[in-house]
>>> print(open('model-v5.pdb').read())   # PDB, C-alpha atoms, pLDDT in the B column
ATOM      1  CA  MET A   3       2.658 -40.308 -69.741  1.00 48.00           C
ATOM      2  CA  ARG A   4       6.201 -41.241 -70.699  1.00 48.00           C
ATOM      3  CA  ARG A   5       8.319 -43.358 -68.455  1.00 50.00           C
ATOM      4  CA  ALA A   6      12.003 -42.815 -67.918  1.00 51.00           C
ATOM      5  CA  PRO A   7      14.183 -45.302 -69.795  1.00 49.00           C
ATOM      6  CA  ALA A   8      15.381 -48.274 -67.793  1.00 50.00           C
ATOM      7  CA  ARG A   9      18.888 -47.875 -66.435  1.00 50.00           C
ATOM      8  CA  VAL A  10      21.262 -50.702 -67.192  1.00 47.00           C
ATOM      9  CA  LYS A  11      24.513 -51.141 -65.321  1.00 48.00           C
ATOM     10  CA  MET A  12      27.501 -51.793 -67.512  1.00 49.00           C
ATOM     11  CA  SER A  13      28.386 -54.742 -65.266  1.00 50.00           C
ATOM     12  CA  ASP A  14      25.003 -56.376 -66.084  1.00 50.00           C
ATOM     13  CA  MET A  15      25.810 -56.592 -69.791  1.00 49.00           C
ATOM     14  CA  PRO A  16      27.593 -59.635 -71.196  1.00 50.00           C
ATOM     15  CA  ASP A  17      31.300 -59.069 -71.864  1.00 51.00           C
ATOM     16  CA  THR A  18      30.802 -59.733 -75.576  1.00 50.00           C
ATOM     17  CA  ASP A  19      28.485 -56.685 -75.886  1.00 50.00           C
ATOM     18  CA  ARG A  20      30.782 -54.285 -74.068  1.00 47.00           C
ATOM     19  CA  ASP A  21      33.490 -52.082 -75.549  1.00 51.00           C
ATOM     20  CA  PRO A  22      36.129 -51.291 -72.881  1.00 51.00           C
ATOM     21  CA  ARG A  23      36.810 -47.875 -74.434  1.00 50.00           C
ATOM     22  CA  ALA A  24      33.100 -47.031 -74.201  1.00 48.00           C
ATOM     23  CA  ASP A  25      33.107 -48.123 -70.542  1.00 48.00           C
ATOM     24  CA  ALA A  26      35.921 -45.677 -69.793  1.00 48.00           C
ATOM     25  CA  ARG A  27      34.125 -42.831 -71.591  1.00 46.00           C
ATOM     26  CA  ILE A  28      30.854 -43.544 -69.775  1.00 46.00           C
ATOM     27  CA  GLU A  29      32.553 -43.772 -66.387  1.00 47.00           C
ATOM     28  CA  SER A  30      34.416 -40.494 -66.992  1.00 45.00           C
ATOM     29  CA  ASP A  31      31.176 -38.787 -68.113  1.00 46.00           C
ATOM     30  CA  MET A  32      29.413 -39.882 -64.917  1.00 47.00           C
ATOM     31  CA  THR A  33      31.643 -37.895 -62.586  1.00 47.00           C
ATOM     32  CA  ASP A  34      31.859 -34.137 -62.418  1.00 44.00           C
ATOM     33  CA  PRO A  35      35.519 -33.034 -62.177  1.00 48.00           C
ATOM     34  CA  VAL A  36      34.614 -30.353 -59.615  1.00 49.00           C
ATOM     35  CA  ARG A  37      32.538 -32.513 -57.273  1.00 48.00           C
ATOM     36  CA  SER A  38      33.980 -35.971 -58.077  1.00 51.00           C
ATOM     37  CA  GLU A  39      30.676 -37.647 -57.237  1.00 50.00           C
ATOM     38  CA  PRO A  40      28.337 -39.386 -59.684  1.00 47.00           C
ATOM     39  CA  VAL A  41      26.207 -37.075 -61.784  1.00 46.00           C
ATOM     40  CA  ILE A  42      22.546 -37.994 -61.919  1.00 50.00           C
ATOM     41  CA  LEU A  43      21.668 -38.925 -65.457  1.00 46.00           C
ATOM     42  CA  PRO A  44      19.029 -36.678 -67.028  1.00 52.00           C
ATOM     43  CA  SER A  45      15.572 -38.167 -67.109  1.00 52.00           C
ATOM     44  CA  LEU A  46      12.400 -37.150 -68.869  1.00 57.00           C
ATOM     45  CA  GLU A  47      11.063 -35.549 -65.702  1.00 67.00           C
ATOM     46  CA  THR A  48      12.861 -32.508 -64.289  1.00 70.00           C
ATOM     47  CA  PRO A  49      12.544 -31.819 -60.556  1.00 84.00           C
ATOM     48  CA  THR A  50      10.452 -28.714 -59.939  1.00 89.00           C
ATOM     49  CA  LEU A  51      10.472 -26.289 -57.027  1.00 90.00           C
ATOM     50  CA  THR A  52       6.874 -25.319 -56.253  1.00 92.00           C
ATOM     51  CA  LYS A  53       5.612 -22.324 -54.275  1.00 93.00           C
ATOM     52  CA  ALA A  54       4.606 -24.691 -51.459  1.00 92.00           C
ATOM     53  CA  GLU A  55       8.130 -26.144 -51.342  1.00 92.00           C
ATOM     54  CA  LEU A  56       9.595 -22.639 -51.412  1.00 92.00           C
ATOM     55  CA  ALA A  57       7.424 -21.712 -48.418  1.00 93.00           C
ATOM     56  CA  ASP A  58       8.591 -24.875 -46.612  1.00 92.00           C
ATOM     57  CA  LEU A  59      12.230 -23.919 -47.252  1.00 92.00           C
ATOM     58  CA  LEU A  60      11.611 -20.461 -45.760  1.00 91.00           C
ATOM     59  CA  PHE A  61      10.039 -22.155 -42.748  1.00 91.00           C
ATOM     60  CA  GLU A  62      12.968 -24.570 -42.294  1.00 92.00           C
ATOM     61  CA  ARG A  63      15.927 -22.297 -43.075  1.00 91.00           C
ATOM     62  CA  ILE A  64      14.864 -18.847 -41.886  1.00 90.00           C
ATOM     63  CA  GLY A  65      12.506 -19.775 -39.079  1.00 87.00           C
ATOM     64  CA  LEU A  66       9.334 -18.039 -40.246  1.00 88.00           C
ATOM     65  CA  ASN A  67       6.182 -19.843 -39.245  1.00 92.00           C
ATOM     66  CA  LYS A  68       4.386 -21.735 -42.003  1.00 93.00           C
ATOM     67  CA  ARG A  69       1.677 -19.101 -42.467  1.00 94.00           C
ATOM     68  CA  GLU A  70       4.210 -16.236 -42.700  1.00 93.00           C
ATOM     69  CA  SER A  71       6.381 -18.128 -45.181  1.00 94.00           C
ATOM     70  CA  LYS A  72       3.372 -18.979 -47.376  1.00 94.00           C
ATOM     71  CA  ASP A  73       2.186 -15.349 -47.267  1.00 95.00           C
ATOM     72  CA  LEU A  74       5.684 -14.093 -48.104  1.00 95.00           C
ATOM     73  CA  VAL A  75       5.946 -16.320 -51.183  1.00 95.00           C
ATOM     74  CA  GLU A  76       2.434 -15.339 -52.328  1.00 96.00           C
ATOM     75  CA  ALA A  77       3.159 -11.631 -51.805  1.00 96.00           C
ATOM     76  CA  PHE A  78       6.427 -11.854 -53.741  1.00 96.00           C
ATOM     77  CA  PHE A  79       4.817 -13.456 -56.772  1.00 96.00           C
ATOM     78  CA  GLU A  80       1.829 -11.119 -56.581  1.00 97.00           C
ATOM     79  CA  LEU A  81       4.179  -8.098 -56.690  1.00 96.00           C
ATOM     80  CA  LEU A  82       6.123  -9.635 -59.568  1.00 95.00           C
ATOM     81  CA  HIS A  83       2.874 -10.262 -61.442  1.00 95.00           C
ATOM     82  CA  GLU A  84       1.556  -6.716 -60.827  1.00 95.00           C
ATOM     83  CA  GLN A  85       4.754  -5.074 -62.049  1.00 96.00           C
ATOM     84  CA  LEU A  86       4.816  -7.150 -65.229  1.00 95.00           C
ATOM     85  CA  VAL A  87       1.132  -6.426 -65.946  1.00 94.00           C
ATOM     86  CA  GLN A  88       1.932  -2.714 -65.655  1.00 93.00           C
ATOM     87  CA  GLY A  89       4.667  -3.181 -68.261  1.00 92.00           C
ATOM     88  CA  ARG A  90       7.563  -2.619 -65.856  1.00 94.00           C
ATOM     89  CA  GLU A  91      10.754  -4.644 -65.941  1.00 96.00           C
ATOM     90  CA  VAL A  92      11.629  -6.649 -62.811  1.00 96.00           C
ATOM     91  CA  LYS A  93      15.353  -6.926 -62.041  1.00 97.00           C
ATOM     92  CA  LEU A  94      16.545  -9.379 -59.389  1.00 95.00           C
ATOM     93  CA  SER A  95      20.246  -8.830 -58.770  1.00 94.00           C
ATOM     94  CA  GLY A  96      22.285 -12.003 -59.190  1.00 92.00           C
ATOM     95  CA  PHE A  97      19.287 -13.860 -60.625  1.00 94.00           C
ATOM     96  CA  GLY A  98      17.971 -12.195 -63.777  1.00 96.00           C
ATOM     97  CA  ASN A  99      15.461  -9.847 -65.403  1.00 97.00           C
ATOM     98  CA  PHE A 100      11.801 -10.369 -66.245  1.00 96.00           C
ATOM     99  CA  SER A 101      10.339  -8.094 -68.892  1.00 95.00           C
ATOM    100  CA  ILE A 102       7.348  -7.774 -71.209  1.00 95.00           C
ATOM    101  CA  ARG A 103       7.988  -7.884 -74.926  1.00 95.00           C
ATOM    102  CA  GLY A 104       5.402  -7.054 -77.558  1.00 93.00           C
ATOM    103  CA  LYS A 105       5.176  -9.482 -80.444  1.00 95.00           C
ATOM    104  CA  ALA A 106       3.678  -8.265 -83.715  1.00 96.00           C
ATOM    105  CA  SER A 107       0.940 -10.139 -85.521  1.00 96.00           C
ATOM    106  CA  ARG A 108       2.210 -12.586 -88.112  1.00 95.00           C
ATOM    107  CA  PRO A 109       0.953 -15.251 -90.469  1.00 95.00           C
ATOM    108  CA  GLY A 110       0.912 -18.773 -89.074  1.00 95.00           C
ATOM    109  CA  ARG A 111       0.042 -22.189 -90.411  1.00 95.00           C
ATOM    110  CA  ASN A 112      -2.037 -25.045 -89.045  1.00 94.00           C
ATOM    111  CA  PRO A 113       0.483 -27.929 -89.034  1.00 94.00           C
ATOM    112  CA  ARG A 114      -2.231 -30.535 -89.543  1.00 94.00           C
ATOM    113  CA  THR A 115      -4.054 -28.970 -92.509  1.00 94.00           C
ATOM    114  CA  GLY A 116      -1.481 -26.490 -93.806  1.00 93.00           C
ATOM    115  CA  GLU A 117      -4.138 -23.762 -93.696  1.00 95.00           C
ATOM    116  CA  ALA A 118      -2.842 -20.207 -93.216  1.00 94.00           C
ATOM    117  CA  ILE A 119      -4.029 -18.695 -89.911  1.00 95.00           C
ATOM    118  CA  PRO A 120      -3.231 -15.175 -88.685  1.00 95.00           C
ATOM    119  CA  ILE A 121      -1.554 -15.002 -85.258  1.00 95.00           C
ATOM    120  CA  LYS A 122      -2.632 -11.920 -83.280  1.00 96.00           C
ATOM    121  CA  ALA A 123      -0.241  -9.410 -81.740  1.00 96.00           C
ATOM    122  CA  ARG A 124       0.414 -10.154 -78.082  1.00 95.00           C
ATOM    123  CA  ASN A 125       2.658  -9.435 -75.131  1.00 94.00           C
ATOM    124  CA  VAL A 126       4.941 -12.139 -73.773  1.00 95.00           C
ATOM    125  CA  VAL A 127       7.019 -12.378 -70.602  1.00 96.00           C
ATOM    126  CA  THR A 128      10.731 -12.899 -71.173  1.00 96.00           C
ATOM    127  CA  PHE A 129      13.395 -13.882 -68.660  1.00 96.00           C
ATOM    128  CA  HIS A 130      17.108 -13.277 -69.088  1.00 96.00           C
ATOM    129  CA  ALA A 131      19.340 -14.999 -66.543  1.00 95.00           C
ATOM    130  CA  SER A 132      22.153 -12.949 -65.006  1.00 95.00           C
ATOM    131  CA  HIS A 133      25.773 -13.818 -65.730  1.00 94.00           C
ATOM    132  CA  LYS A 134      26.141 -14.889 -62.090  1.00 93.00           C
ATOM    133  CA  LEU A 135      23.210 -17.334 -62.301  1.00 92.00           C
ATOM    134  CA  LYS A 136      24.507 -18.744 -65.585  1.00 93.00           C
ATOM    135  CA  ALA A 137      27.952 -19.288 -64.056  1.00 92.00           C
ATOM    136  CA  ILE A 138      26.488 -21.054 -61.003  1.00 90.00           C
ATOM    137  CA  VAL A 139      24.326 -23.328 -63.170  1.00 89.00           C
ATOM    138  CA  GLN A 140      27.330 -24.185 -65.366  1.00 90.00           C
ATOM    139  CA  GLY A 141      29.424 -24.973 -62.277  1.00 87.00           C
ATOM    140  CA  ASP A 142      31.960 -22.212 -62.983  1.00 85.00           C
ATOM    141  CA  ILE A 143      31.464 -20.675 -59.525  1.00 83.00           C
ATOM    142  CA  PRO A 144      30.153 -22.394 -56.395  1.00 80.00           C
ATOM    143  CA  PRO A 145      26.634 -21.540 -55.174  1.00 74.00           C
ATOM    144  CA  ALA A 146      26.231 -19.321 -52.120  1.00 71.00           C
ATOM    145  CA  GLU A 147      26.485 -20.955 -48.729  1.00 63.00           C
ATOM    146  CA  GLU A 148      23.319 -22.172 -46.993  1.00 51.00           C
ATOM    147  CA  PHE A 149      21.453 -19.859 -44.636  1.00 41.00           C
ATOM    148  CA  GLU A 150      22.300 -20.291 -40.984  1.00 43.00           C
TER     149      GLU A 150
END
>>> encode(input="model-v5.pdb", output="structure tokens")
Amino acid sequence: MRRAPARVKMSDMPDTDRDPRADARIESDMTDPVRSEPVILPSLETPTLTKAELADLLFERIGLNKRESKDLVEAFFELLHEQLVQGREVKLSGFGNFSIRGKASRPGRNPRTGEAIPIKARNVVTFHASHKLKAIVQGDIPPAEEFE
């Protein structure tokens, strides 16, 4: 397992190793002009929202009991799964589209030995984010307000 690189404060470095112009660039890169608060530096591990955490959020924000929220999350993903297995596209307004795409068979190569290996035809799930989701992720438009 990889560990995240150690974070070093610029103030901890000796003055002889520091370039004042680099300090200014780093400091300006660490604040988002929209939020004006420090941006968390990317690490090797990305935070993940699990189905259990999603159920907990439904419990906390909407007021469903824990069993109902867990069942709701499970039912949603079960329906999504069933529709994709049947070859239907799933469109979630403001979020994106899930669809099945058929990939043709093709020649492949074992990277270790260089041996040619045929890759079978298969179906893959694709996701295309909506323009609205892309804009929210990029910070172009603010996310929707929290549930009351």
>>> atom_distance(input="model-v5.pdb", atom1="CA of Arg124 (chain A)", atom2="CA of Thr52 (chain A)")
27.4 Å
>>> closest_residue(input="model-v5.pdb", among="A:Leu86, A:Val126, A:Leu94, A:Ala118", to="Ala106 (chain A)", atoms="only C-alpha atoms")
A:Val126
>>> resolve_selection(input="model-v5.pdb", expression="the PyMOL selection byres ((chain A and resi 98) around 7)", output="mmCIF file with C-alpha atoms, in the frame of the given file")
data_model
loop_
_atom_site.group_PDB
_atom_site.id
_atom_site.type_symbol
_atom_site.label_atom_id
_atom_site.label_comp_id
_atom_site.auth_asym_id
_atom_site.auth_seq_id
_atom_site.Cartn_x
_atom_site.Cartn_y
_atom_site.Cartn_z
ATOM 1 C CA LYS A 93 15.353 -6.926 -62.041
ATOM 2 C CA LEU A 94 16.545 -9.379 -59.389
ATOM 3 C CA SER A 95 20.246 -8.830 -58.770
ATOM 4 C CA GLY A 96 22.285 -12.003 -59.190
ATOM 5 C CA PHE A 97 19.287 -13.860 -60.625
ATOM 6 C CA ASN A 99 15.461 -9.847 -65.403
ATOM 7 C CA PHE A 100 11.801 -10.369 -66.245
ATOM 8 C CA PHE A 129 13.395 -13.882 -68.660
ATOM 9 C CA HIS A 130 17.108 -13.277 -69.088
ATOM 10 C CA ALA A 131 19.340 -14.999 -66.543
ATOM 11 C CA SER A 132 22.153 -12.949 -65.006
#
>>> atom_distance(input="model-v5.pdb", atom1="CA of Leu51 (chain A)", atom2="CA of Lys105 (chain A)")
29.3 Å
>>> closest_residue(input="model-v5.pdb", among="A:Val127, A:Ala77, A:Ala54, A:Ile64", to="Ser101 (chain A)", atoms="all atoms listed in the file")
A:Val127
>>> closest_residue(input="model-v5.pdb", among="A:Phe61, A:Leu66, A:Arg103, A:Pro109", to="Glu91 (chain A)", atoms="all atoms listed in the file")
A:Arg103
>>> atom_distance(input="model-v5.pdb", atom1="CA of Asn125 (chain A)", atom2="CA of Gln88 (chain A)")
11.6 Å
>>> closest_residue(input="model-v5.pdb", among="A:Gly104, A:Leu60, A:Pro145, A:Gln140", to="Thr128 (chain A)", atoms="only C-alpha atoms")
A:Gly104
>>> residues_around(input="model-v5.pdb", residues="Leu81 (chain A)", least_positions_apart="6", cutoff="12 Å", atoms="only C-alpha atoms", output="JSON, numbers by chain")
{"A": [74, 75, 87, 88, 90, 91, 92]}
>>> axis_aligned_box(input="model-v5.pdb", around="region 102-109 of chain A", padding_each_side="3 Å", output="lines of an AutoDock Vina configuration file")
center_x = 4.5
center_y = -11.2
center_z = -80.8
size_x = 13.0
size_y = 14.2
size_z = 25.3
>>> residues_near_point(input="model-v5.pdb", point="(-1.8, -15.2, -90.5)", cutoff="6 Å", atoms="all atoms listed in the file", output="PDB file with C-alpha atoms, in the frame of the given file")
ATOM      1  CA  ARG A 108       2.210 -12.586 -88.112  1.00 95.00           C
ATOM      2  CA  PRO A 109       0.953 -15.251 -90.469  1.00 95.00           C
ATOM      3  CA  GLY A 110       0.912 -18.773 -89.074  1.00 95.00           C
ATOM      4  CA  ALA A 118      -2.842 -20.207 -93.216  1.00 94.00           C
ATOM      5  CA  ILE A 119      -4.029 -18.695 -89.911  1.00 95.00           C
ATOM      6  CA  PRO A 120      -3.231 -15.175 -88.685  1.00 95.00           C
ATOM      7  CA  ILE A 121      -1.554 -15.002 -85.258  1.00 95.00           C
TER       8      ILE A 121
END
>>> closest_residue(input="model-v5.pdb", among="A:Glu84, A:Glu62, A:Glu70, A:Glu117", to="Ile102 (chain A)", atoms="all atoms listed in the file")
A:Glu84
>>> build_atoms(input="model-v5.pdb", residues="region 69-97 of chain A", atoms="N, CA and C atoms", output="mmCIF file, in the frame of the given file")
data_model
loop_
_atom_site.group_PDB
_atom_site.id
_atom_site.type_symbol
_atom_site.label_atom_id
_atom_site.label_comp_id
_atom_site.auth_asym_id
_atom_site.auth_seq_id
_atom_site.Cartn_x
_atom_site.Cartn_y
_atom_site.Cartn_z
ATOM 1 N N ARG A 69 2.610 -20.073 -41.892
ATOM 2 C CA ARG A 69 1.677 -19.101 -42.467
ATOM 3 C C ARG A 69 2.443 -17.884 -43.015
ATOM 4 N N GLU A 70 3.412 -17.378 -42.244
ATOM 5 C CA GLU A 70 4.210 -16.236 -42.700
ATOM 6 C C GLU A 70 4.991 -16.567 -43.969
ATOM 7 N N SER A 71 5.583 -17.757 -44.018
ATOM 8 C CA SER A 71 6.381 -18.128 -45.181
ATOM 9 C C SER A 71 5.496 -18.280 -46.414
ATOM 10 N N LYS A 72 4.301 -18.856 -46.251
ATOM 11 C CA LYS A 72 3.372 -18.979 -47.376
ATOM 12 C C LYS A 72 2.925 -17.592 -47.854
ATOM 13 N N ASP A 73 2.606 -16.705 -46.912
ATOM 14 C CA ASP A 73 2.186 -15.349 -47.267
ATOM 15 C C ASP A 73 3.304 -14.577 -47.956
ATOM 16 N N LEU A 74 4.543 -14.770 -47.504
ATOM 17 C CA LEU A 74 5.684 -14.093 -48.104
ATOM 18 C C LEU A 74 5.873 -14.520 -49.560
ATOM 19 N N VAL A 75 5.796 -15.811 -49.816
ATOM 20 C CA VAL A 75 5.946 -16.320 -51.183
ATOM 21 C C VAL A 75 4.824 -15.793 -52.061
ATOM 22 N N GLU A 76 3.578 -15.839 -51.561
ATOM 23 C CA GLU A 76 2.434 -15.339 -52.328
ATOM 24 C C GLU A 76 2.579 -13.848 -52.610
ATOM 25 N N ALA A 77 3.000 -13.079 -51.626
ATOM 26 C CA ALA A 77 3.159 -11.631 -51.805
ATOM 27 C C ALA A 77 4.249 -11.322 -52.830
ATOM 28 N N PHE A 78 5.344 -12.071 -52.781
ATOM 29 C CA PHE A 78 6.427 -11.854 -53.741
ATOM 30 C C PHE A 78 5.940 -12.057 -55.167
ATOM 31 N N PHE A 79 5.269 -13.177 -55.416
ATOM 32 C CA PHE A 79 4.817 -13.456 -56.772
ATOM 33 C C PHE A 79 3.682 -12.529 -57.201
ATOM 34 N N GLU A 80 2.883 -12.080 -56.261
ATOM 35 C CA GLU A 80 1.829 -11.119 -56.581
ATOM 36 C C GLU A 80 2.447 -9.787 -57.029
ATOM 37 N N LEU A 81 3.481 -9.330 -56.305
ATOM 38 C CA LEU A 81 4.179 -8.098 -56.690
ATOM 39 C C LEU A 81 4.850 -8.242 -58.060
ATOM 40 N N LEU A 82 5.481 -9.365 -58.286
ATOM 41 C CA LEU A 82 6.123 -9.635 -59.568
ATOM 42 C C LEU A 82 5.082 -9.576 -60.691
ATOM 43 N N HIS A 83 3.968 -10.233 -60.464
ATOM 44 C CA HIS A 83 2.874 -10.262 -61.442
ATOM 45 C C HIS A 83 2.345 -8.857 -61.709
ATOM 46 N N GLU A 84 2.089 -8.078 -60.668
ATOM 47 C CA GLU A 84 1.556 -6.716 -60.827
ATOM 48 C C GLU A 84 2.502 -5.834 -61.639
ATOM 49 N N GLN A 85 3.783 -5.910 -61.343
ATOM 50 C CA GLN A 85 4.754 -5.074 -62.049
ATOM 51 C C GLN A 85 4.822 -5.439 -63.533
ATOM 52 N N LEU A 86 4.772 -6.723 -63.836
ATOM 53 C CA LEU A 86 4.816 -7.150 -65.229
ATOM 54 C C LEU A 86 3.547 -6.748 -65.977
ATOM 55 N N VAL A 87 2.394 -6.838 -65.324
ATOM 56 C CA VAL A 87 1.132 -6.426 -65.946
ATOM 57 C C VAL A 87 1.161 -4.936 -66.269
ATOM 58 N N GLN A 88 1.815 -4.152 -65.417
ATOM 59 C CA GLN A 88 1.932 -2.714 -65.655
ATOM 60 C C GLN A 88 2.977 -2.386 -66.717
ATOM 61 N N GLY A 89 3.677 -3.397 -67.217
ATOM 62 C CA GLY A 89 4.667 -3.181 -68.261
ATOM 63 C C GLY A 89 6.046 -2.822 -67.745
ATOM 64 N N ARG A 90 6.263 -2.949 -66.437
ATOM 65 C CA ARG A 90 7.563 -2.619 -65.856
ATOM 66 C C ARG A 90 8.466 -3.835 -65.866
ATOM 67 N N GLU A 91 9.761 -3.577 -65.998
ATOM 68 C CA GLU A 91 10.754 -4.644 -65.941
ATOM 69 C C GLU A 91 11.061 -4.952 -64.480
ATOM 70 N N VAL A 92 11.275 -6.228 -64.167
ATOM 71 C CA VAL A 92 11.629 -6.649 -62.811
ATOM 72 C C VAL A 92 13.053 -7.175 -62.849
ATOM 73 N N LYS A 93 13.945 -6.535 -62.084
ATOM 74 C CA LYS A 93 15.353 -6.926 -62.041
ATOM 75 C C LYS A 93 15.664 -7.500 -60.665
ATOM 76 N N LEU A 94 16.135 -8.726 -60.630
ATOM 77 C CA LEU A 94 16.545 -9.379 -59.389
ATOM 78 C C LEU A 94 18.051 -9.597 -59.468
ATOM 79 N N SER A 95 18.790 -8.806 -58.721
ATOM 80 C CA SER A 95 20.246 -8.830 -58.770
ATOM 81 C C SER A 95 20.781 -10.232 -58.509
ATOM 82 N N GLY A 96 21.677 -10.689 -59.348
ATOM 83 C CA GLY A 96 22.285 -12.003 -59.190
ATOM 84 C C GLY A 96 21.410 -13.132 -59.685
ATOM 85 N N PHE A 97 20.197 -12.825 -60.145
ATOM 86 C CA PHE A 97 19.287 -13.860 -60.625
ATOM 87 C C PHE A 97 18.929 -13.635 -62.088
#
